Amino acid sequence: MHHDRELIENRLDRVLRERVRPAVYPHAVPLTVEVWHAPGEPLPPAAGLAAGYVPAAVGDPWGPAWGTSWFKFTGRVPAEWAGQTVEAVIDLGFSGGGPGFTAEGLVYLPDGTAVKGLHPRSRWLRIGEPAKGGDEVVFHVEAAANPLIKGPVTMLGEKSTAGDEPLYRLAQADLAVFDQNVWDLVVDLEVLGQLMHELPLDQPRRWEILHAINAALDALNLHDVNGTASAARERLAPTLAAPANASAHQVSAIGHAHIDSAWLWPLRETVRKVARTASNTVDLMDDHPEFVFAMSQAQQLAWIKEHRGEVFDRVKEKIADGQFVPVGGMWVESDTNMPGSEAMARQFVHGKRFFAEEFGIETEEVWLPDSFGYSAALPQLVKLSRSRWFLTQKISWSQTNKFPHHSFWWEGLDGTRVFTHFPPVDTYNAEFTGKEMAHLVRNFRDKGAARRSMVPFGHGDGGGGATREMLARAARLRDLEGSPQVTIEAPAEFFAKAEAEYSNAPVWVGELYLEYHRGTYTSQTKTKQGNRRSEHLLREAELWATTAAVRTGHVYRYEQLDRLWKTVLLHQFHDILPGSSIAWVHRQAADTYAEVAEELHGIIVAAQSALAGDGDRPVVFNAAPHARGGIPAGGARITGSVDGRDDAVSADPSDGGWILDNGALRVVVDDRGLVTSVVEHATGREAIAPGGAANLLQLHPDLPIEYDAWDIESYYRNTVTDLTGVESLELVTGDAMTVRVTRRFGQSALTQSIALRPGSRVVDFRTEVDWHESETLLKAAFPLDVRADASSAETQFGHVKRATHTNTSWETAKFEICAHRYLHVAEPGWGAAVVNDSTYGHDVTRSVREDGGTTTTLRLTLLRAPRFPDPETDQGTHGFGYALAVGADITDAAVEGYRINLPERQVTGSNDVEPLVTLDNDAVVAEAVKLADDGSGDVVVRIYEAAGGRATANLTAGFPVTSATVTDLLERPFAGEELTVEDGAVRLRLRPFQVVTLRLGRSAQNPA
């Protein structure tokens, strides 16, 4: 029997490959071809359609990497084909890559209407159904010569280094008769053959299918496939009609095309990718009314609207019909580890607002299949955006531990829960293969309690979407014995059914940490620094512009701020901010961040100047949410009115190094430029572990197994080089007492400043690196004399605790972690934090010393040097700011994290500036102060509890408040959430890590 099974399987494979699939197009005639090779970057379609074409032919080369060629195809349907279905079949030279990873095309009619995308799995364009015979055929194809980017090293990721040689040759340009019956036979055989292969050997259904296939092949005349296809299909019909078992797993299938907004292609190419995919999708919908397709990322729909208006109109029609379903509720499918608090909130604000304003839709499902782990802050933000459900897929990539659930309640750091699904098919690019269907049934972790899962199907990452073959397979799998039952339906329908079926699903508390792709916290440092700087500049711009608008009537630049926010949100996409895109993407990102910074500086200076008034006295502004140096949070003081300090910082030489002392801390810097002691005078507590040295820079080899820019492997720790050699060490005096150290290593050099400010309990470090290493990791270590069982790493609107031990495989897998502005460790009564201005990657380890004490070592990951997909990743100069805060509790850590990221600013004028809003509890933080987006003039304040405990606070407004209302993230009031205002103050009570958005009513016509 085993031999018979293999024999029939091999027979089926050859007959399909050599006889049946070729017979789908039994007759063909060539099309006439003309071409125009566009110079430079892609031009608008009107220019391509009107260009001067020259004769071309199948076999002609075209397309240097990233080039665009416009093909014009003309022909006439032979008269003898009248009454038959006719298609154009175009092969642009697809080779070496699947849809989205090779040449791509978009078909235009002579009137300029884009109608269909072309890729390796969708090469056809319907001409007539039926054709009349003699039909004239004319269409154009905008063909993109996108290169296949492969490692380990490639220069194709930057246009200037990609070369000028053509990548492709036009391989086919025909008019052909399409035999629907043969095409259906192909699908019948594929579905049954794949199902048979996956069924157990002892299951009768497997042998029933095997014999049906054998009978069908016997009925097929291999010399007349088209004439005998019906007979072969009749032999298969009873087997395809056998219904599924009553207990069959239920699959809710949704068409999808995950499109990376940038990755192995630049942003400008994604603009064209989404147009191709959307065109394909609506074209399929015309022929398949049962087809439902989900598209996330409001940015991508906005691109279609801006660049391909006729495609957007068709998409909008299908949205109204319920076939094309916007999902996700976010501006892009962002990374969720590194975006800051307000940026994460604005992903929902701008995404959901676009869907509401353009389509009248309140999206309820948050759609993030491919991000590299999921922040514990997300459940609360999902709920505050008025969404209900969450979908992820990437957790299936974890290397160490298999996630225990597929449907579950996800509880965030504040206690909010959202119903979450993790499709057991383990892909967001499903094709309805037998292997996929069998895998999802076997893999489903919630058997017995639930039996429903989702399958997103369609070619993705590079786009393409669903195909007619996928829809045909789904139709056959709708109710087929031996297979799960498949229903194509919208995600909201699935979630409503799944939640109702499994309302008592298990609970997962905390972040969804991806045990993979940990290098994305560090790769492409300049992109990460651009993001961090942009987030804080946006905070400043909104704060000062709002204060100036309320106080002086200064113009608030709604449209400019909206555009800048969307630009920053776009660059938080999960292959841009993580540093896993080609060189072109990151070069462009650096230029964009510089432009964003320049615009935001302009907004900030204009608002501050309006507030400071005329005059020549220095006015210092504090945009941080906590007071410092005599300047209130969100306020400004004339320099002479700032509470100064007379504390001096002493510096005494010691054994080739220096001892710095400001009365609060005593800091020892040895002759290697390392910090060997930091003593807090008030407690006498030593922060540095005995025998240890802080700010120790360490090098590790960094060659991951596969994904260079994405991964850090645990074995990197096996080899370490401490950078202790000193080229120079000198004392620099100024506002702070500073020890400056220079070092050289490998092909690189660095300068470090170790500074102590008057009265400060913080040691500041500044590291400037000229980095020219390859496949090497640079870390900065702080071994602390603290016995901490957990570290607290800042995330959006709070912090997440992670174990410092490795008791189980779950803790061991977290050998590289993400933190925002601070990483804090403590034992009862005393703690310390390392804060930073641009670093996300960290690690925390602990060890027991010979004296019985415990050393907890915090390390920042400063730089990597992966070679794929960008062979020059991070080469060049970089600057990092970080600091050690000793005797710090968690609130101190948050305060110092804001301080280092929001430096004071100074303009000349004559006025102090009082804060627009004041909070009387440092644990309650104003994350954003802005004018309401609707132009009403109301002031919106987003606050959160930052320390992880219950808190009360009085929020006092520096202007007359007519009302105070709690709203969602989009500034829409929650029913019954009006608060009482007494003497301009609102009394607040917050649970741990709670986020509250307050809308403060005011008269917009009367500046306070």
# chains A, B, ... in the order shown; residues from 1 in each chain; ligands from 1
>>> residues_around(residues="Arg272 (chain A)", least_positions_apart="2", cutoff="10 Å", atoms="only C-alpha atoms", output="list in words")
Pro42, Glu104, Gly105, Leu106, Gly117, Glu142, Ala144, Leu267, Arg268, Glu269, Thr270, Val274, Ala275, Arg276, Thr277, Ala278, Gln300, Trp303, Ile304, His307 and Arg308 of chain A
>>> write_last_selection(atoms="N, CA and C atoms", output="mmCIF file, in the first residue's frame")
data_model
loop_
_atom_site.group_PDB
_atom_site.id
_atom_site.type_symbol
_atom_site.label_atom_id
_atom_site.label_comp_id
_atom_site.auth_asym_id
_atom_site.auth_seq_id
_atom_site.Cartn_x
_atom_site.Cartn_y
_atom_site.Cartn_z
ATOM 1 N N PRO A 42 10.495 56.933 -10.654
ATOM 2 C CA PRO A 42 9.209 56.759 -11.326
ATOM 3 C C PRO A 42 8.488 58.085 -11.541
ATOM 4 N N GLU A 104 7.608 43.589 -10.819
ATOM 5 C CA GLU A 104 6.173 43.753 -10.611
ATOM 6 C C GLU A 104 5.639 44.711 -11.668
ATOM 7 N N GLY A 105 4.341 44.590 -11.963
ATOM 8 C CA GLY A 105 3.747 45.466 -12.956
ATOM 9 C C GLY A 105 2.348 45.900 -12.568
ATOM 10 N N LEU A 106 1.937 47.038 -13.088
ATOM 11 C CA LEU A 106 0.568 47.520 -12.920
ATOM 12 C C LEU A 106 0.005 47.818 -14.296
ATOM 13 N N GLY A 117 -2.709 44.337 -10.963
ATOM 14 C CA GLY A 117 -1.289 44.121 -10.750
ATOM 15 C C GLY A 117 -0.824 42.835 -11.379
ATOM 16 N N GLU A 142 3.117 49.394 -16.332
ATOM 17 C CA GLU A 142 4.214 50.060 -15.642
ATOM 18 C C GLU A 142 4.993 48.984 -14.890
ATOM 19 N N ALA A 144 8.175 47.540 -12.757
ATOM 20 C CA ALA A 144 9.190 47.940 -11.790
ATOM 21 C C ALA A 144 10.255 46.866 -11.698
ATOM 22 N N LEU A 267 10.382 53.502 0.452
ATOM 23 C CA LEU A 267 9.004 53.953 0.639
ATOM 24 C C LEU A 267 8.316 54.228 -0.691
ATOM 25 N N ARG A 268 9.029 54.825 -1.620
ATOM 26 C CA ARG A 268 8.378 55.185 -2.888
ATOM 27 C C ARG A 268 7.889 53.954 -3.634
ATOM 28 N N GLU A 269 8.564 52.824 -3.433
ATOM 29 C CA GLU A 269 8.107 51.620 -4.120
ATOM 30 C C GLU A 269 6.881 51.038 -3.439
ATOM 31 N N THR A 270 6.764 51.222 -2.138
ATOM 32 C CA THR A 270 5.571 50.741 -1.450
ATOM 33 C C THR A 270 4.331 51.489 -1.924
ATOM 34 N N VAL A 274 1.175 49.102 -3.064
ATOM 35 C CA VAL A 274 -0.194 49.079 -2.540
ATOM 36 C C VAL A 274 -1.202 49.325 -3.660
ATOM 37 N N ALA A 275 -0.825 50.110 -4.663
ATOM 38 C CA ALA A 275 -1.726 50.320 -5.799
ATOM 39 C C ALA A 275 -1.894 49.029 -6.601
ATOM 40 N N ARG A 276 -0.804 48.303 -6.797
ATOM 41 C CA ARG A 276 -0.891 47.039 -7.535
ATOM 42 C C ARG A 276 -1.786 46.046 -6.788
ATOM 43 N N THR A 277 -1.542 45.910 -5.486
ATOM 44 C CA THR A 277 -2.298 44.935 -4.697
ATOM 45 C C THR A 277 -3.767 45.315 -4.615
ATOM 46 N N ALA A 278 -4.048 46.595 -4.377
ATOM 47 C CA ALA A 278 -5.447 47.022 -4.304
ATOM 48 C C ALA A 278 -6.151 46.822 -5.635
ATOM 49 N N GLN A 300 -1.153 53.412 4.035
ATOM 50 C CA GLN A 300 -1.134 52.820 2.705
ATOM 51 C C GLN A 300 -2.392 53.184 1.916
ATOM 52 N N TRP A 303 -1.871 56.665 0.731
ATOM 53 C CA TRP A 303 -1.024 56.704 -0.461
ATOM 54 C C TRP A 303 -1.841 56.422 -1.713
ATOM 55 N N ILE A 304 -2.718 55.431 -1.638
ATOM 56 C CA ILE A 304 -3.552 55.130 -2.808
ATOM 57 C C ILE A 304 -4.407 56.336 -3.162
ATOM 58 N N HIS A 307 -1.990 59.044 -4.726
ATOM 59 C CA HIS A 307 -1.236 58.763 -5.951
ATOM 60 C C HIS A 307 -2.014 58.001 -7.017
ATOM 61 N N ARG A 308 -3.070 57.276 -6.628
ATOM 62 C CA ARG A 308 -3.839 56.490 -7.593
ATOM 63 C C ARG A 308 -5.324 56.673 -7.294
#
>>> residues_around(residues="Asp938 (chain A)", least_positions_apart="5", cutoff="12 Å", atoms="only C-alpha atoms", output="PyMOL selection string")
chain A and resi 546-547+549-550+929-933+957+959-965+971+998-1007
>>> select_by_dssp(residues="region 224-268 of chain A", states="strand (DSSP E or B)", output="PyMOL selection string")
chain A and resi 250-256+259
>>> closest_residue(among="A:Gly465, A:Gly322, A:Gly656, A:Gly663", to="Lys116 (chain A)", atoms="only C-alpha atoms")
A:Gly465
>>> closest_residue(among="A:Leu731, A:Glu713, A:Ala302, A:Leu12", to="Ala216 (chain A)", atoms="only C-alpha atoms")
A:Leu12
>>> select_by_dssp(residues="region 475-610 of chain A", states="helix (DSSP H, G or I)", output="MDAnalysis selection string")
chainID A and resid 475:476 491:501 518:521 525:552 558:570 583:610
>>> residues_around(residues="region 20-34 of chain A", least_positions_apart="3", cutoff="7 Å", atoms="only C-alpha atoms", output="list of chain:residue names")
A:Val15, A:Leu16, A:Arg17, A:Tyr53, A:Val54, A:Pro55, A:Ala56, A:Ala57, A:Phe71, A:Lys72, A:Phe73, A:Thr74, A:Gly75, A:Ala173, A:Asp174, A:Leu175, A:Ala176, A:Val177, A:Phe178, A:Asp179, A:Val182, A:Trp183, A:Val186, A:Val225, A:Asn226
>>> closest_residue(among="A:Ile254, A:Trp389, A:Ala376, A:Ala894", to="Met454 (chain A)", atoms="only C-alpha atoms")
A:Ile254
>>> residues_around(residues="Asp735 (chain A)", least_positions_apart="3", cutoff="10 Å", atoms="only C-alpha atoms", output="VMD selection string")
chain A and resid 648 to 649 732 738 755 to 758
>>> residues_around(residues="Arg685 (chain A)", least_positions_apart="3", cutoff="10 Å", atoms="only C-alpha atoms", output="MDAnalysis selection string")
chainID A and resid 665 678:682 688 785 830 886:887
>>> closest_residue(among="A:Ala466, A:Val141, A:Leu979, A:Ala377", to="Pro339 (chain A)", atoms="only C-alpha atoms")
A:Ala377
>>> atom_distance(atom1="CA of Ala953 (chain A)", atom2="CA of Arg533 (chain A)")
29.1 Å
>>> closest_atom_pairs(of="region 550-631 of chain A", to="region 287-299 of chain A", cutoff="10 Å", atoms="only C-alpha atoms", output="CSV")
residue,atom,partner,partner_atom,distance
A:Lys566,CA,A:Gln299,CA,8.3
A:Thr567,CA,A:Gln299,CA,9.7
A:Leu569,CA,A:Gln299,CA,9.3
A:Leu570,CA,A:Gln299,CA,7.3
A:Phe573,CA,A:Gln297,CA,9.7
>>> write_last_selection(atoms="C-alpha atoms", output="CSV table (one decimal), in the first residue's frame")
chain,number,residue,atom,x,y,z
A,566,LYS,CA,2.2,61.2,10.4
A,567,THR,CA,5.8,61.3,9.1
A,569,LEU,CA,4.6,57.5,12.7
A,570,LEU,CA,5.4,56.2,9.3
A,573,PHE,CA,7.0,50.9,10.8
>>> residues_around(residues="Asp218 (chain A)", least_positions_apart="4", cutoff="12 Å", atoms="only C-alpha atoms", output="VMD selection string")
chain A and resid 8 11 to 12 15 211 to 214 222 225 228 to 229 231 to 236
>>> atom_distance(atom1="CA of Ser261 (chain A)", atom2="CA of Gly329 (chain A)")
15.6 Å
>>> residues_around(residues="Val848 (chain A)", least_positions_apart="4", cutoff="12 Å", atoms="only C-alpha atoms", output="list in words")
Ala689, Pro690, Pro783, Leu784, Asp785, Val786, Arg787, Ala788, His805, Gly852, Gly853, Thr854, Thr855, Thr856 and Thr857 of chain A
>>> atom_distance(atom1="CA of Ala651 (chain A)", atom2="CA of Ile754 (chain A)")
12.2 Å
>>> closest_residue(among="A:Ala241, A:Leu413, A:Leu697, A:Leu189", to="Arg991 (chain A)", atoms="only C-alpha atoms")
A:Leu413
